[in-house]
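Peer 1: What follows is my_file30.tsv, made up of TSV, C-alpha atoms:
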```tsv
chain	number	residue	atom	x	y	z
D	1	MET	CA	145.81	49.67	177.88
D	2	LEU	CA	146.04	49.06	174.13
D	3	ALA	CA	145.44	45.33	174.57
D	4	ALA	CA	142.38	45.94	176.74
D	5	ARG	CA	140.95	48.38	174.20
D	6	ALA	CA	141.53	45.88	171.37
D	7	LEU	CA	139.85	43.09	173.34
D	8	ARG	CA	136.83	45.29	174.05
D	9	ALA	CA	136.56	46.19	170.36
D	10	VAL	CA	136.51	42.55	169.37
D	11	THR	CA	134.08	41.42	172.05
D	12	ARG	CA	131.54	44.26	171.78
D	13	PRO	CA	127.98	43.08	171.27
D	14	ILE	CA	126.27	43.59	167.96
D	15	LEU	CA	123.50	46.17	168.21
D	16	HIS	CA	120.62	46.36	165.76
D	17	GLY	CA	122.34	43.97	163.34
D	18	ARG	CA	125.47	46.14	162.99
D	19	ALA	CA	128.81	45.63	164.65
D	20	PHE	CA	130.91	48.51	165.87
D	21	PRO	CA	133.80	49.52	163.61
D	22	ALA	CA	136.75	47.15	163.82
D	23	SER	CA	139.70	48.09	165.94
D	24	PRO	CA	143.07	48.57	164.23
D	25	VAL	CA	144.24	45.66	166.39
D	26	GLN	CA	142.30	42.51	165.57
D	27	LEU	CA	142.60	39.07	167.05
D	28	ARG	CA	143.51	36.27	164.66
D	29	TRP	CA	142.06	32.86	165.36
D	30	ILE	CA	143.97	30.79	162.81
D	31	THR	CA	147.07	29.06	164.15
D	32	ASP	CA	150.34	28.98	162.24
D	33	GLU	CA	149.99	25.19	162.03
D	34	ALA	CA	146.49	25.44	160.54
D	35	ARG	CA	147.62	28.11	158.08
D	36	ALA	CA	150.52	25.88	156.95
D	37	LYS	CA	148.23	22.85	156.53
D	38	ILE	CA	145.71	24.82	154.46
D	39	SER	CA	148.46	26.40	152.37
D	40	GLN	CA	149.84	22.93	151.62
D	41	ALA	CA	146.35	21.55	150.93
D	42	VAL	CA	145.44	24.19	148.32
D	43	LYS	CA	148.66	23.40	146.45
D	44	GLU	CA	148.28	19.60	146.70
D	45	ARG	CA	146.16	19.33	143.55
D	46	PRO	CA	145.23	21.81	140.82
D	47	VAL	CA	141.58	21.95	142.00
D	48	VAL	CA	140.77	21.93	145.71
D	49	LEU	CA	137.31	22.31	147.20
D	50	PHE	CA	136.56	22.92	150.87
D	51	MET	CA	132.95	21.91	151.36
D	52	LYS	CA	130.39	20.52	153.77
D	53	GLY	CA	130.33	16.81	153.12
D	54	GLU	CA	131.89	15.01	150.17
D	55	PRO	CA	131.20	15.43	146.44
D	56	ALA	CA	129.25	12.16	146.40
D	57	ALA	CA	127.30	13.12	149.53
D	58	PRO	CA	127.21	16.90	150.06
D	59	ARG	CA	125.67	18.07	153.33
D	60	CYS	CA	124.55	21.52	152.22
D	61	GLY	CA	122.87	22.89	149.12
D	62	PHE	CA	125.68	25.30	148.25
D	63	SER	CA	128.28	22.52	148.47
D	64	ARG	CA	126.02	20.33	146.33
D	65	ALA	CA	125.75	23.04	143.67
D	66	VAL	CA	129.51	23.55	143.41
D	67	SER	CA	130.13	19.78	143.41
D	68	GLN	CA	127.67	19.32	140.55
D	69	VAL	CA	129.22	22.11	138.51
D	70	LEU	CA	132.70	20.66	138.97
D	71	ALA	CA	131.42	17.17	138.12
D	72	ALA	CA	130.11	18.52	134.81
D	73	TYR	CA	133.70	19.34	133.79
D	74	GLU	CA	134.82	15.75	134.47
D	75	ILE	CA	137.96	16.83	136.33
D	76	PRO	CA	140.32	13.84	136.63
D	77	ASN	CA	140.70	12.45	140.16
D	78	ASP	CA	144.43	13.13	140.15
D	79	LYS	CA	143.68	16.85	139.66
D	80	PHE	CA	140.90	17.23	142.23
D	81	LYS	CA	140.75	17.01	146.03
D	82	SER	CA	137.94	17.92	148.40
D	83	TYR	CA	137.99	18.48	152.15
D	84	ASP	CA	134.97	18.01	154.40
D	85	VAL	CA	135.07	20.92	156.85
D	86	LEU	CA	132.39	19.31	159.04
D	87	VAL	CA	134.80	16.65	160.31
D	88	ASP	CA	137.36	19.24	161.48
D	89	PRO	CA	136.03	22.28	163.38
D	90	GLU	CA	139.43	23.98	163.28
D	91	LEU	CA	139.56	23.64	159.48
D	92	ARG	CA	135.99	24.93	159.21
D	93	GLU	CA	136.90	28.18	160.97
D	94	SER	CA	140.48	28.51	159.75
D	95	ILE	CA	139.64	28.25	156.05
D	96	LYS	CA	137.39	31.29	156.38
D	97	GLU	CA	140.23	33.39	157.75
D	98	PHE	CA	142.78	31.91	155.36
D	99	SER	CA	140.77	33.09	152.35
D	100	ASP	CA	139.18	36.08	154.07
D	101	TRP	CA	135.87	34.67	152.78
D	102	PRO	CA	133.07	34.03	155.30
D	103	THR	CA	131.26	31.11	153.68
D	104	ILE	CA	131.78	27.52	152.62
D	105	PRO	CA	132.19	26.00	150.02
D	106	GLN	CA	135.45	27.54	148.82
D	107	LEU	CA	137.13	26.65	145.54
D	108	TYR	CA	140.85	26.96	144.82
D	109	VAL	CA	142.50	26.48	141.43
D	110	ASN	CA	146.29	26.22	141.28
D	111	GLY	CA	146.55	27.46	144.84
D	112	ASP	CA	144.50	30.61	144.18
D	113	PHE	CA	141.16	31.25	145.82
D	114	VAL	CA	138.43	31.42	143.18
D	115	GLY	CA	135.36	32.00	145.34
D	116	GLY	CA	132.30	30.53	146.96
D	117	CYS	CA	129.11	29.14	145.50
D	118	ASP	CA	127.77	32.35	143.94
D	119	ILE	CA	131.04	33.20	142.22
D	120	VAL	CA	131.58	29.64	140.98
D	121	MET	CA	128.02	29.51	139.62
D	122	ASP	CA	128.41	32.87	137.85
D	123	MET	CA	131.76	31.81	136.37
D	124	HIS	CA	130.18	28.56	135.17
D	125	LYS	CA	127.26	30.39	133.51
D	126	THR	CA	129.56	32.85	131.70
D	127	GLY	CA	132.14	30.25	130.64
D	128	GLN	CA	134.87	31.76	132.80
D	129	LEU	CA	135.20	28.64	134.95
D	130	GLU	CA	135.70	26.42	131.91
D	131	LYS	CA	138.33	28.82	130.57
D	132	LEU	CA	140.10	28.91	133.95
D	133	LEU	CA	140.18	25.11	134.10
D	134	GLU	CA	141.42	24.89	130.51
D	135	ASP	CA	144.07	27.58	131.00
D	136	SER	CA	145.21	25.76	134.16
D	137	SER	CA	145.54	22.49	132.20
D	138	VAL	CA	142.98	20.84	134.44
D	139	ILE	CA	140.69	19.89	131.57
D	140	PRO	CA	141.51	19.65	127.86
D	141	VAL	CA	140.53	22.42	125.50
D	142	ILE	CA	137.71	21.26	123.26
D	143	GLU	CA	138.19	22.44	119.70
D	144	LEU	CA	134.91	23.03	117.94
D	145	PRO	CA	134.77	22.59	114.17
D	146	PRO	CA	134.58	25.85	112.24
D	147	GLU	CA	131.09	26.92	111.30
D	148	THR	CA	130.17	26.47	107.68
D	149	LYS	CA	127.96	28.93	105.90
D	150	ALA	CA	125.04	27.52	103.97
```
Could you render the structure as structure tokens?
Peer 2:
Amino acid sequence: MLAARALRAVTRPILHGRAFPASPVQLRWITDEARAKISQAVKERPVVLFMKGEPAAPRCGFSRAVSQVLAAYEIPNDKFKSYDVLVDPELRESIKEFSDWPTIPQLYVNGDFVGGCDIVMDMHKTGQLEKLLEDSSVIPVIELPPETKA
């Protein structure tokens, strides 16, 4: 009875753009194998980007924007890895559940989920992304000369 009720809750149609409240029992689509692969992937390099396409040839505007921001920081190749989710449908769906974030691209720094395009762009504009990359020893800290008063 409980399983049938949970299945109905998950498969209910969406009415007027709103889904019914989630059931306490939810189906998980990510396999243990996929979760292990993603967990290993985000720890493989200090900066990991799951995107549509490749940094040199992004296949969506959001992925292009994040790729361009990261390129501006000149992250060394040995500290950066990207994954094209379009070549692996299981990865494309599993990464969303792994991070509990519904969109791609997704950026990870030192194994921690940073965010998608909007968050990365905001962090870049405020200087938080540069500080995160510096604090994570991904890029060197640039020391500016002290200001001199005229």
Peer 1: Could you pull the residues within 7 Å of segment 84-97 of chain D, counting all atoms listed in the file, minus those fewer than 4 positions along the same chain, as number ranges by chain?
Peer 2: D: 30, 34, 50-54, 101-103
Peer 1: Nearest to Ser82 of chain D among D:Gln68, D:Ser99, D:Thr31, D:Gln106, with distances taken over all atoms listed in the file: which residue is it?
Peer 2: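 Comparing D:Gln68, D:Ser99, D:Thr31, D:Gln106 against Ser82 of chain D, the winner is D:Gln106.
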Peer 1: Report, in Å to a single decimal, how far apart atom CA of Ser63 of chain D and atom CA of Pro105 of chain D are.
Peer 2: 5.5 Å
Peer 1: When you count all atoms listed in the file, which of these residues is closest to Glu44 of chain D: D:Arg64, D:Lys81, D:His124, D:Arg59?
Peer 2: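 So, comparing all the options, the nearest one is D:Lys81.
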Peer 1: Report as a list of chain:residue names all protein, DNA and RNA residues lying within 8 Å of segment 126-140 of chain D, evaluated on only C-alpha atoms, omitting residues in the same chain fewer than 3 positions from it.
Peer 2: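 Counting only C-alpha atoms, the residues come to D:Pro46, D:Val47, D:Tyr73, D:Glu74, D:Ile75, D:Pro76, D:Lys79, D:Val109, D:Asn110, D:Val120, D:Asp122, D:Met123.
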Peer 1: By how many Å are atom CA of Pro145 of chain D and atom CA of Met121 of chain D apart?
Peer 2: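 Computed distance, atom CA of Pro145 of chain D to atom CA of Met121 of chain D, equals 27.2 Å.
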Peer 1: Separation of atom CA of Asp78 of chain D and atom CA of Asp112 of chain D, in Å?
Peer 2: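 For atom CA of Asp78 of chain D relative to atom CA of Asp112 of chain D, the distance reads 17.9 Å.
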